[in-house]
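Trainee: Before we start, here is the structure in question, set down as structure tokens.
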Amino acid sequence: FDMDLFGDLQALQFTYKKSVPEGLLHLPSDIRKLNVQGTPVTGLHIKHWQNLTELEEINLTGTQVNDQDLALFKHFQKLKILHLGNTLIKGSGLSNLGGIPHMKALHLGNNKLGIGTTQHLSSLTRLHILDLTNTGIQDDDLKPISNLKSLEWLWLSGNRITDNGLTHLSELTKLKGLYLNHTLVTFKGFPSLKPLRSLETVWIVNRKVNHTHIGYLKSHLPEDCFINVRQPAHNP
């Protein structure tokens with residue numbers, strides 16, 4: 001791991017390694033993209049990156065980052081995209097991200113968020129992309145999401161979301177893509193999506209909706225909206 005090889009690189013990828021080399025603790029301050037997916041990176045490593053004030057994207061998927069470590073992200077004021085999927089995040093530290101002014105995309109898939117912890121996302125009002133796939137959230141956890149009026153793409157697949165939960169999405173009028181695969185949503189919940197006139201694509205792969213409902217679904221969505229409806233290969 002030779003630091004001299006970096007030169008003027010603005011992106012660094014060091015992924016799927018069993019250990020973190022010493023060199024990764026002393027990175028050039030002008031790096032804009034950092035990908036350490038699948039490594040044992042923790043908050044102890046992130047403390048060494050406080051000089052990386054130009055960072056715009058960090059991929060920490062599959063690392064050992066936890067909620068307490070999120071307080072360190074206040075140093076990354078130019079951050080736009082943050083990948084935190086499959087980490088040790090439970091949700092209590094997400095409020096620390098509210099002070100990052102340009103955050104556009106947050107990926108939290110495959111973390112088991114605690115009950116009510118989505119309230120800590122309500123301050124991220126500039127988010128365009130939010131991935132909550134397989135995070136254990138339920139209907140009431142979508143209430144704080146209704147405050148994110150800039151959202152354009154929302155992943156809710158793999159959660160126990162029902163028709164009642166969809167009512168909390170009616171104010172997300174900029175939403176373009178909605179993913180509801182392997183949820184408990186039925187065709188009866190689609191009237192709640194009628195105010196979402198910007199929708200371009202909806203994916204709903206589950207056993208509650210099938211092709212016989214296509215006409216009904218289309219009547220509540222924009223004319224050009226693509227709807228992917230099919231039966232899952234296995235039980236959700």
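Just so we're on the same page: first chain in the structure tokens is A, next is B, and so on; residues restart at 1 for each chain, and ligands are numbered from 1 in the order they show up.
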Near A:Ser219, counting only C-alpha atoms, which residues have an atom at most 10 Å away, once you skip same-chain residues fewer than 3 positions from it, shown as a ChimeraX atom specification?
Mentor: /A:190-191,194,214-216,222-223
Trainee: Which stretch 65-179 of chain A residues have any atom within 9 Å of an atom of stretch 40-45 of chain A, and for each, what is the nearest pair of atoms with distance in Å to one decimal, counting only C-alpha atoms, rows sorted by chain and number, as CSV?
Mentor:
residue,atom,partner,partner_atom,distance
A:Val65,CA,A:Thr42,CA,4.8
A:Asn66,CA,A:Gly43,CA,7.6
A:Gln68,CA,A:Gly43,CA,8.0
A:Asp69,CA,A:Gly43,CA,4.9
A:Leu70,CA,A:Gly43,CA,8.1
A:Leu72,CA,A:Gly43,CA,7.7
Trainee: How would the residues just picked look written out with C-alpha atoms as a PDB file, in the first residue's frame?
Mentor:
ATOM      1  CA  VAL A  65     -19.069   1.572  11.555  1.00  0.00           C
ATOM      2  CA  ASN A  66     -21.676   2.167  14.289  1.00  0.00           C
ATOM      3  CA  GLN A  68     -21.462   6.589  17.686  1.00  0.00           C
ATOM      4  CA  ASP A  69     -19.033   6.910  14.794  1.00  0.00           C
ATOM      5  CA  LEU A  70     -21.480   9.071  12.830  1.00  0.00           C
ATOM      6  CA  LEU A  72     -17.265  12.156  13.178  1.00  0.00           C
TER       7      LEU A  72
END
Trainee: Please identify which residues in chain A DSSP calls alpha helix (DSSP H) from the backbone, and express them as a list in words.
Mentor: Gly43, Leu44, His45, Ile46, Asp163, Asn164, Gly165, Leu166, Ile214, Gly215, Tyr216, Leu217 and Lys218 of chain A
Trainee: Name all residues at most 6 Å from stretch 176-183 of chain A (count only C-alpha atoms; drop same-chain ones fewer than 3 positions away) and give them as a list of chain:residue names.
Mentor: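 In the requested form, the answer reads A:Glu152, A:Trp153, A:Leu154, A:Trp155, A:Leu156, A:Ser157, A:Gly158, A:Asn159, A:Arg160, A:Ile161, A:Ser198, A:Leu199, A:Glu200, A:Thr201, A:Val202, A:Trp203, A:Ile204, A:Val205, A:Asn206, A:Pro236.
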Trainee: Would you write out those residues with N, CA, C and O atoms, as a PDB file, in the first residue's frame?
Mentor:
ATOM      1  N   GLU A 152     -36.459  11.826  -4.394  1.00  0.00           N
ATOM      2  CA  GLU A 152     -36.818  11.406  -5.743  1.00  0.00           C
ATOM      3  C   GLU A 152     -36.822   9.891  -5.897  1.00  0.00           C
ATOM      4  O   GLU A 152     -37.554   9.356  -6.729  1.00  0.00           O
ATOM      5  N   TRP A 153     -36.015   9.198  -5.082  1.00  0.00           N
ATOM      6  CA  TRP A 153     -35.927   7.742  -5.171  1.00  0.00           C
ATOM      7  C   TRP A 153     -35.948   7.171  -3.763  1.00  0.00           C
ATOM      8  O   TRP A 153     -35.153   7.563  -2.917  1.00  0.00           O
ATOM      9  N   LEU A 154     -36.865   6.220  -3.531  1.00  0.00           N
ATOM     10  CA  LEU A 154     -37.045   5.659  -2.196  1.00  0.00           C
ATOM     11  C   LEU A 154     -37.172   4.137  -2.269  1.00  0.00           C
ATOM     12  O   LEU A 154     -38.042   3.607  -2.955  1.00  0.00           O
ATOM     13  N   TRP A 155     -36.288   3.452  -1.545  1.00  0.00           N
ATOM     14  CA  TRP A 155     -36.309   1.998  -1.461  1.00  0.00           C
ATOM     15  C   TRP A 155     -36.871   1.568  -0.107  1.00  0.00           C
ATOM     16  O   TRP A 155     -36.303   1.879   0.935  1.00  0.00           O
ATOM     17  N   LEU A 156     -37.994   0.838  -0.135  1.00  0.00           N
ATOM     18  CA  LEU A 156     -38.626   0.333   1.084  1.00  0.00           C
ATOM     19  C   LEU A 156     -38.769  -1.188   1.053  1.00  0.00           C
ATOM     20  O   LEU A 156     -39.427  -1.759   1.916  1.00  0.00           O
ATOM     21  N   SER A 157     -38.164  -1.828   0.105  1.00  0.00           N
ATOM     22  CA  SER A 157     -38.315  -3.274  -0.068  1.00  0.00           C
ATOM     23  C   SER A 157     -37.825  -4.051   1.153  1.00  0.00           C
ATOM     24  O   SER A 157     -36.921  -3.617   1.868  1.00  0.00           O
ATOM     25  N   GLY A 158     -38.463  -5.202   1.373  1.00  0.00           N
ATOM     26  CA  GLY A 158     -38.019  -6.087   2.439  1.00  0.00           C
ATOM     27  C   GLY A 158     -38.445  -5.672   3.835  1.00  0.00           C
ATOM     28  O   GLY A 158     -37.900  -6.176   4.819  1.00  0.00           O
ATOM     29  N   ASN A 159     -39.414  -4.760   3.926  1.00  0.00           N
ATOM     30  CA  ASN A 159     -39.904  -4.294   5.227  1.00  0.00           C
ATOM     31  C   ASN A 159     -41.391  -4.616   5.384  1.00  0.00           C
ATOM     32  O   ASN A 159     -42.099  -4.861   4.407  1.00  0.00           O
ATOM     33  N   ARG A 160     -41.885  -4.562   6.622  1.00  0.00           N
ATOM     34  CA  ARG A 160     -43.285  -4.871   6.902  1.00  0.00           C
ATOM     35  C   ARG A 160     -44.158  -3.618   6.738  1.00  0.00           C
ATOM     36  O   ARG A 160     -44.891  -3.202   7.632  1.00  0.00           O
ATOM     37  N   ILE A 161     -44.047  -3.040   5.557  1.00  0.00           N
ATOM     38  CA  ILE A 161     -44.857  -1.876   5.202  1.00  0.00           C
ATOM     39  C   ILE A 161     -46.201  -2.349   4.651  1.00  0.00           C
ATOM     40  O   ILE A 161     -46.251  -3.231   3.794  1.00  0.00           O
ATOM     41  N   SER A 198     -45.075  12.807 -10.119  1.00  0.00           N
ATOM     42  CA  SER A 198     -43.752  12.732 -10.742  1.00  0.00           C
ATOM     43  C   SER A 198     -43.251  11.299 -10.863  1.00  0.00           C
ATOM     44  O   SER A 198     -42.174  11.063 -11.414  1.00  0.00           O
ATOM     45  N   LEU A 199     -44.010  10.329 -10.346  1.00  0.00           N
ATOM     46  CA  LEU A 199     -43.564   8.939 -10.352  1.00  0.00           C
ATOM     47  C   LEU A 199     -43.303   8.446 -11.773  1.00  0.00           C
ATOM     48  O   LEU A 199     -44.134   8.602 -12.668  1.00  0.00           O
ATOM     49  N   GLU A 200     -42.124   7.836 -11.952  1.00  0.00           N
ATOM     50  CA  GLU A 200     -41.742   7.262 -13.235  1.00  0.00           C
ATOM     51  C   GLU A 200     -41.682   5.743 -13.187  1.00  0.00           C
ATOM     52  O   GLU A 200     -41.872   5.086 -14.205  1.00  0.00           O
ATOM     53  N   THR A 201     -41.405   5.193 -12.002  1.00  0.00           N
ATOM     54  CA  THR A 201     -41.299   3.743 -11.891  1.00  0.00           C
ATOM     55  C   THR A 201     -41.694   3.275 -10.498  1.00  0.00           C
ATOM     56  O   THR A 201     -41.342   3.914  -9.505  1.00  0.00           O
ATOM     57  N   VAL A 202     -42.449   2.182 -10.443  1.00  0.00           N
ATOM     58  CA  VAL A 202     -42.845   1.557  -9.179  1.00  0.00           C
ATOM     59  C   VAL A 202     -42.583   0.051  -9.304  1.00  0.00           C
ATOM     60  O   VAL A 202     -43.054  -0.584 -10.251  1.00  0.00           O
ATOM     61  N   TRP A 203     -41.835  -0.476  -8.365  1.00  0.00           N
ATOM     62  CA  TRP A 203     -41.586  -1.922  -8.324  1.00  0.00           C
ATOM     63  C   TRP A 203     -42.311  -2.492  -7.118  1.00  0.00           C
ATOM     64  O   TRP A 203     -42.110  -2.044  -5.993  1.00  0.00           O
ATOM     65  N   ILE A 204     -43.161  -3.494  -7.372  1.00  0.00           N
ATOM     66  CA  ILE A 204     -43.888  -4.123  -6.270  1.00  0.00           C
ATOM     67  C   ILE A 204     -43.982  -5.625  -6.529  1.00  0.00           C
ATOM     68  O   ILE A 204     -44.972  -6.132  -7.069  1.00  0.00           O
ATOM     69  N   VAL A 205     -42.914  -6.305  -6.196  1.00  0.00           N
ATOM     70  CA  VAL A 205     -42.830  -7.753  -6.362  1.00  0.00           C
ATOM     71  C   VAL A 205     -43.197  -8.395  -5.038  1.00  0.00           C
ATOM     72  O   VAL A 205     -42.397  -8.443  -4.105  1.00  0.00           O
ATOM     73  N   ASN A 206     -44.417  -8.844  -4.909  1.00  0.00           N
ATOM     74  CA  ASN A 206     -44.855  -9.579  -3.716  1.00  0.00           C
ATOM     75  C   ASN A 206     -46.098 -10.397  -4.051  1.00  0.00           C
ATOM     76  O   ASN A 206     -46.585 -10.371  -5.181  1.00  0.00           O
ATOM     77  N   PRO A 236     -41.735 -14.090   0.672  1.00  0.00           N
ATOM     78  CA  PRO A 236     -40.956 -12.989   1.249  1.00  0.00           C
ATOM     79  C   PRO A 236     -40.547 -13.300   2.667  1.00  0.00           C
ATOM     80  O   PRO A 236     -41.149 -14.070   3.348  1.00  0.00           O
TER      81      PRO A 236
END
Trainee: Residues of chain A in strand (DSSP E or B) according to DSSP, as number ranges by chain?
Mentor: A: 11-13, 33-35, 57-59, 81-83, 105-107, 129-131, 138, 153-155, 160, 177-179, 201-203, 226-228
Trainee: Do you know which residues are at most 12 Å from A:Ser123 counting only C-alpha atoms, after dropping those on the same chain fewer than 2 positions away, and could you put them as JSON, numbers by chain?
Mentor: {"A": [94, 95, 96, 97, 98, 99, 100, 101, 103, 118, 119, 120, 121, 125, 126, 127, 144, 145, 146, 147, 148, 149, 150]}
Trainee: Excluding same-chain residues fewer than 5 positions from A:Thr63, what lies within 12 Å of it counting only C-alpha atoms, as a list in words?
Mentor: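 Counting only the stated atoms, we get Phe14, Thr15, Tyr16, Lys17, Lys18, Ser19, Val20, Asn35, Val36, Gln37, Gly38, Thr39, Pro40, Val41, Thr42, Gly43, His45, Ile46, Ile58, Asp69, His83, Leu84, Gly85, Asn86, Thr87, Leu88, Ile89 and Asn111 of chain A.
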Trainee: Pull N, CA and C atoms from the residues just selected and write them as a tab-separated table (two decimals), in the first residue's frame.
Mentor:
chain	number	residue	atom	x	y	z
A	14	PHE	N	-10.40	0.71	-1.88
A	14	PHE	CA	-9.69	-0.34	-1.16
A	14	PHE	C	-10.76	-1.21	-0.53
A	15	THR	N	-11.13	-2.29	-1.21
A	15	THR	CA	-12.34	-3.03	-0.83
A	15	THR	C	-12.07	-4.51	-0.55
A	16	TYR	N	-12.97	-5.08	0.27
A	16	TYR	CA	-12.99	-6.51	0.57
A	16	TYR	C	-11.62	-7.03	1.01
A	17	LYS	N	-11.08	-6.39	2.02
A	17	LYS	CA	-9.83	-6.81	2.63
A	17	LYS	C	-10.08	-7.17	4.09
A	18	LYS	N	-9.29	-8.07	4.63
A	18	LYS	CA	-9.48	-8.52	6.00
A	18	LYS	C	-8.80	-7.62	7.03
A	19	SER	N	-7.96	-6.72	6.56
A	19	SER	CA	-7.28	-5.80	7.47
A	19	SER	C	-7.16	-4.44	6.83
A	20	VAL	N	-6.89	-3.44	7.66
A	20	VAL	CA	-6.75	-2.06	7.19
A	20	VAL	C	-5.29	-1.66	7.30
A	35	ASN	N	-13.80	4.56	-1.20
A	35	ASN	CA	-14.56	3.31	-1.15
A	35	ASN	C	-13.76	2.27	-0.38
A	36	VAL	N	-14.24	1.94	0.83
A	36	VAL	CA	-13.59	0.92	1.65
A	36	VAL	C	-14.60	-0.20	1.98
A	37	GLN	N	-15.48	-0.46	1.06
A	37	GLN	CA	-16.52	-1.48	1.25
A	37	GLN	C	-15.91	-2.84	1.59
A	38	GLY	N	-16.53	-3.52	2.56
A	38	GLY	CA	-16.12	-4.86	2.89
A	38	GLY	C	-14.81	-4.97	3.65
A	39	THR	N	-14.42	-3.91	4.32
A	39	THR	CA	-13.19	-3.92	5.13
A	39	THR	C	-13.58	-3.70	6.60
A	40	PRO	N	-12.69	-4.01	7.54
A	40	PRO	CA	-13.01	-3.82	8.96
A	40	PRO	C	-12.80	-2.40	9.47
A	41	VAL	N	-13.10	-1.42	8.64
A	41	VAL	CA	-12.97	-0.01	9.04
A	41	VAL	C	-13.95	0.30	10.18
A	42	THR	N	-13.48	1.05	11.17
A	42	THR	CA	-14.30	1.49	12.31
A	42	THR	C	-14.15	3.00	12.49
A	43	GLY	N	-14.78	3.51	13.54
A	43	GLY	CA	-14.64	4.92	13.86
A	43	GLY	C	-13.21	5.32	14.16
A	45	HIS	N	-10.64	4.47	12.55
A	45	HIS	CA	-10.01	4.83	11.27
A	45	HIS	C	-10.56	6.16	10.77
A	46	ILE	N	-11.86	6.35	10.92
A	46	ILE	CA	-12.49	7.58	10.43
A	46	ILE	C	-11.91	8.81	11.12
A	58	ILE	N	-18.54	8.61	0.25
A	58	ILE	CA	-17.87	7.59	1.05
A	58	ILE	C	-18.71	6.32	1.00
A	69	ASP	N	-20.03	6.43	15.76
A	69	ASP	CA	-19.03	6.91	14.79
A	69	ASP	C	-19.57	8.01	13.89
A	83	HIS	N	-22.74	5.71	1.76
A	83	HIS	CA	-23.17	4.32	1.77
A	83	HIS	C	-22.87	3.71	3.14
A	84	LEU	N	-23.92	3.32	3.85
A	84	LEU	CA	-23.78	2.75	5.19
A	84	LEU	C	-24.51	1.41	5.30
A	85	GLY	N	-24.73	0.75	4.19
A	85	GLY	CA	-25.45	-0.51	4.21
A	85	GLY	C	-24.67	-1.62	4.89
A	86	ASN	N	-25.40	-2.50	5.57
A	86	ASN	CA	-24.81	-3.70	6.18
A	86	ASN	C	-23.65	-3.35	7.13
A	87	THR	N	-23.88	-2.36	7.96
A	87	THR	CA	-22.91	-1.98	8.99
A	87	THR	C	-23.50	-2.30	10.36
A	88	LEU	N	-23.02	-1.62	11.39
A	88	LEU	CA	-23.55	-1.81	12.74
A	88	LEU	C	-24.51	-0.69	13.13
A	89	ILE	N	-24.96	0.06	12.15
A	89	ILE	CA	-25.88	1.18	12.39
A	89	ILE	C	-27.24	0.67	12.86
A	111	ASN	N	-29.43	-2.80	7.39
A	111	ASN	CA	-29.17	-2.50	8.81
A	111	ASN	C	-30.49	-2.67	9.55
Trainee: Counting only C-alpha atoms, which of A:Gln50, A:Gln231, A:Thr61, A:Gln138 gets nearest to A:Thr162?
Mentor: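 Smallest distance to A:Thr162 is found for A:Gln138.
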Trainee: Nearest to A:Lys104: which of A:His48, A:Lys80, A:Arg230, A:Lys90 is it, counting only C-alpha atoms?
Mentor: A:Lys80
